[in-house]
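Worksheet for the structure shown next.
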Amino acid sequence: MSSVGVSKLAISGGSPAVTLEHQPWPIAGDLEARWMDEVVRSGPWSWVGPHERAFCEEFARFIGARHAMGLSNGTVTIQTALQAVGVRPGDEVIVPGLTWVATMQAALDIGASVVLVDIDPETWGIDPAAAEAAITERTRAIVPVHLYGCMVDMDAIMDLARRYDLKVVEDCAHQHGSRWRDRGAGSIGDAGSFSFQQSKILTSGEGGAITCNDDEVYRTAFALKHVGWAPTADGEGLEAGGVYAHNYRTTEMQCVLLRGGLTRIEEQSRIRGENVARLTEGLARIGGPLRVARRDPRITRQAYYAVTMHFDPAQADGVDRAHYVAALAAEGVGIGVPYYPVYRHPLMNLQHPTSPIPFRDPALTQDYANLSLPNVERTCGETGAVMSHKSLLSEPEYIDQLIEGVAKVNDRLEAVREHFAAQEATE
């Protein structure tokens, strides 16, 4: 590689800083292939088969919860968990304004009213003070979303729950294995909801799980997702659970993939954690507008679905986030941006007649169309950045190249600004 190629930005025709490839995802092995062949040839394929039972026991141990159950995806897990802890039509559920659409939809779809609140600007988790300010006599539950590479302040959330007699359903779609004061995400509140969608660090393509410690919550949630069948007292059989239920069952094929993933997740989490530490130190060393979010010392293990990052426009020499991310992408540094504010997400038109909102009493529904939450708006529109876990299973040399790519762009911010100004002038 020539010195000219090294010094010239890739957006201007130079050679990219990153030449190595990250670890492909998802990962599967011979164990899953053997189990899958046995399931396909012998059955059963569903209805609480041996792999489903084994996975639920293994996952409960991994999380540190008394119970775990498999469901068809990570949206109905939130819906079912909310119903199982006692949320009813007309109740209010407090949800952060930055989350994936499923968190909000799950509550709306069981007849609850969702009250969206602002986030902590560092972790992007629900702001406990904002949550407390939103509590009314109709509030029944809080959904703390442990987003990307951070956890919510669960001390503060559980304190709110105790003082106001609220239920807590943790959205752990990004947190398979994270621990707060050595308690697993998904075992702290009244229930935990997990997603096993294709991008997650434990995946079966699609799928989900609910974890809990309360026997009655477990029995109710199980019946709700299993067409009304609940476990018998000895746990060996099924009986009518007496609920109005749905079919949200998982399959043996999904559980085969999940059991295989569980055999690797501890080692993968170790590697991701070490690489995030390397990335954090490297970005701090080179300085500039990009840094990794500070880790709360009460987090005793952080699982990384993504690295939560902050872009500081004041240190970017007039380069906005979109152009900075584009310059990094050209160098081979894959940085994305957070979700949209959930109240304006283009995949969820809350005013469309397929939404329940037009049919709700406006006096009892938050005005989502005119809602603006300051920290959500700034994070989503200006300062938030994320790096997928797919970049974190690679060799340290790959992480070093990512840092070099960021340093290269940081050293040439004026050239980045001029490049995009010239590009826009010709459009």
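Going through the structure tokens in order, the chains are called A, B, and so on, while each chain numbers its residues from 1 and the ligands are numbered from 1 in the order shown.
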Just asking: which residues within segment 180-383 of chain A are alpha helix (DSSP H) according to DSSP, as a short mmCIF file (atom, residue, chain, number, x, y, z; two decimals) with C-alpha atoms, in the first residue's frame?
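Final output, states_25.cif:
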data_model
loop_
_atom_site.label_atom_id
_atom_site.label_comp_id
_atom_site.auth_asym_id
_atom_site.auth_seq_id
_atom_site.Cartn_x
_atom_site.Cartn_y
_atom_site.Cartn_z
CA ASP A 215 -44.33 -19.52 39.80
CA GLU A 216 -47.71 -17.94 39.03
CA VAL A 217 -46.24 -15.54 36.45
CA TYR A 218 -44.57 -18.56 34.82
CA ARG A 219 -47.76 -20.62 34.78
CA THR A 220 -49.83 -17.75 33.35
CA ALA A 221 -47.28 -16.80 30.69
CA PHE A 222 -46.86 -20.44 29.67
CA ALA A 223 -50.61 -20.86 29.23
CA LEU A 224 -50.92 -17.56 27.34
CA LYS A 225 -48.35 -18.65 24.75
CA GLU A 252 -37.67 -28.00 18.32
CA MET A 253 -35.68 -26.68 15.36
CA GLN A 254 -35.38 -23.24 16.95
CA CYS A 255 -34.34 -24.76 20.26
CA VAL A 256 -31.65 -26.88 18.62
CA LEU A 257 -30.02 -23.70 17.29
CA LEU A 258 -30.39 -21.97 20.64
CA ARG A 259 -28.88 -24.85 22.60
CA GLY A 260 -25.91 -24.86 20.24
CA GLY A 261 -25.54 -21.09 20.64
CA LEU A 262 -25.56 -21.41 24.41
CA THR A 263 -22.49 -23.66 24.25
CA ARG A 264 -20.53 -20.77 22.69
CA ILE A 265 -22.04 -17.64 24.19
CA GLU A 266 -19.82 -17.41 27.29
CA GLU A 267 -16.62 -17.49 25.23
CA GLN A 268 -18.07 -15.15 22.60
CA SER A 269 -19.11 -12.68 25.30
CA ARG A 270 -15.59 -12.77 26.74
CA ILE A 271 -14.08 -11.98 23.34
CA ARG A 272 -16.58 -9.18 22.68
CA GLY A 273 -15.89 -7.68 26.08
CA GLU A 274 -12.13 -7.70 25.55
CA ASN A 275 -12.51 -6.15 22.11
CA VAL A 276 -14.81 -3.42 23.43
CA ALA A 277 -12.21 -2.61 26.10
CA ARG A 278 -9.57 -2.43 23.36
CA LEU A 279 -11.81 -0.20 21.24
CA THR A 280 -12.67 2.04 24.19
CA GLU A 281 -9.02 2.54 25.11
CA GLY A 282 -8.02 3.12 21.49
CA LEU A 283 -10.66 5.77 20.84
CA ALA A 284 -9.81 7.53 24.11
CA ARG A 285 -6.13 7.51 23.14
CA ILE A 286 -6.64 9.09 19.71
CA ARG A 321 -22.79 12.72 12.06
CA ALA A 322 -24.08 11.51 8.69
CA HIS A 323 -20.94 12.63 6.85
CA TYR A 324 -18.66 11.36 9.60
CA VAL A 325 -20.28 7.92 9.50
CA ALA A 326 -20.06 7.88 5.68
CA ALA A 327 -16.34 8.70 5.82
CA LEU A 328 -15.78 5.91 8.34
CA ALA A 329 -17.76 3.46 6.19
CA ALA A 330 -15.51 4.21 3.23
CA PRO A 374 -35.05 16.11 24.17
CA ASN A 375 -32.51 13.39 24.91
CA VAL A 376 -34.18 10.99 22.47
CA GLU A 377 -34.21 13.64 19.75
CA ARG A 378 -30.56 14.57 20.21
#
- request: For each of A:Gly86, A:Pro144, A:Gly125, A:Gly184, take the minimum atom-to-atom distance to Ile63 of chain A, counting only C-alpha atoms, then give the residue where this is smallest.
  value: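 Result for the nearest residue to Ile63 of chain A: A:Gly184.
Each of A:Ser187, A:Thr426, A:Thr123, A:Thr354 was compared to Asn213 of chain A using only C-alpha atoms, and A:Ser187 turns out to be the nearest.
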Within 9 Å of segment 178-182 of chain A, which residues of segment 60-171 of chain A come that close, and what is the closest atom pair and distance in Å for each? Count only C-alpha atoms and give it as JSON lines.
{"residue": "A:Ile63", "atom": "CA", "partner": "A:Ser178", "partner_atom": "CA", "distance": 8.4}
{"residue": "A:Cys150", "atom": "CA", "partner": "A:Ser178", "partner_atom": "CA", "distance": 8.9}
{"residue": "A:Met151", "atom": "CA", "partner": "A:Trp180", "partner_atom": "CA", "distance": 7.8}
{"residue": "A:Asp153", "atom": "CA", "partner": "A:Trp180", "partner_atom": "CA", "distance": 8.6}
{"residue": "A:Met154", "atom": "CA", "partner": "A:Trp180", "partner_atom": "CA", "distance": 7.4}
{"residue": "A:Asp155", "atom": "CA", "partner": "A:Trp180", "partner_atom": "CA", "distance": 8.9}
task: Can you check which residues of segment 234-330 of chain A DSSP gives as strand (DSSP E) on the backbone and send them as a ChimeraX atom specification?
output: /A:238-240,290-292,299-301,306-311
message: Which residues are near Glu418 of chain A? Cut-off 12 Å, only C-alpha atoms, ignore same chain within fewer than 6 positions. Put them as a list of chain:residue names.
response: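 Everything that qualifies: A:Leu9, A:Ile11, A:Ser12, A:Asp317, A:Gly318, A:Val319, A:His323, A:Ala327, A:Arg412, A:Glu424, A:Ala425.
Taking only C-alpha atoms into account, Gly189 of chain A lies nearest to A:Cys212 out of the set A:Cys212, A:Leu238, A:Ala54, A:Ala415.
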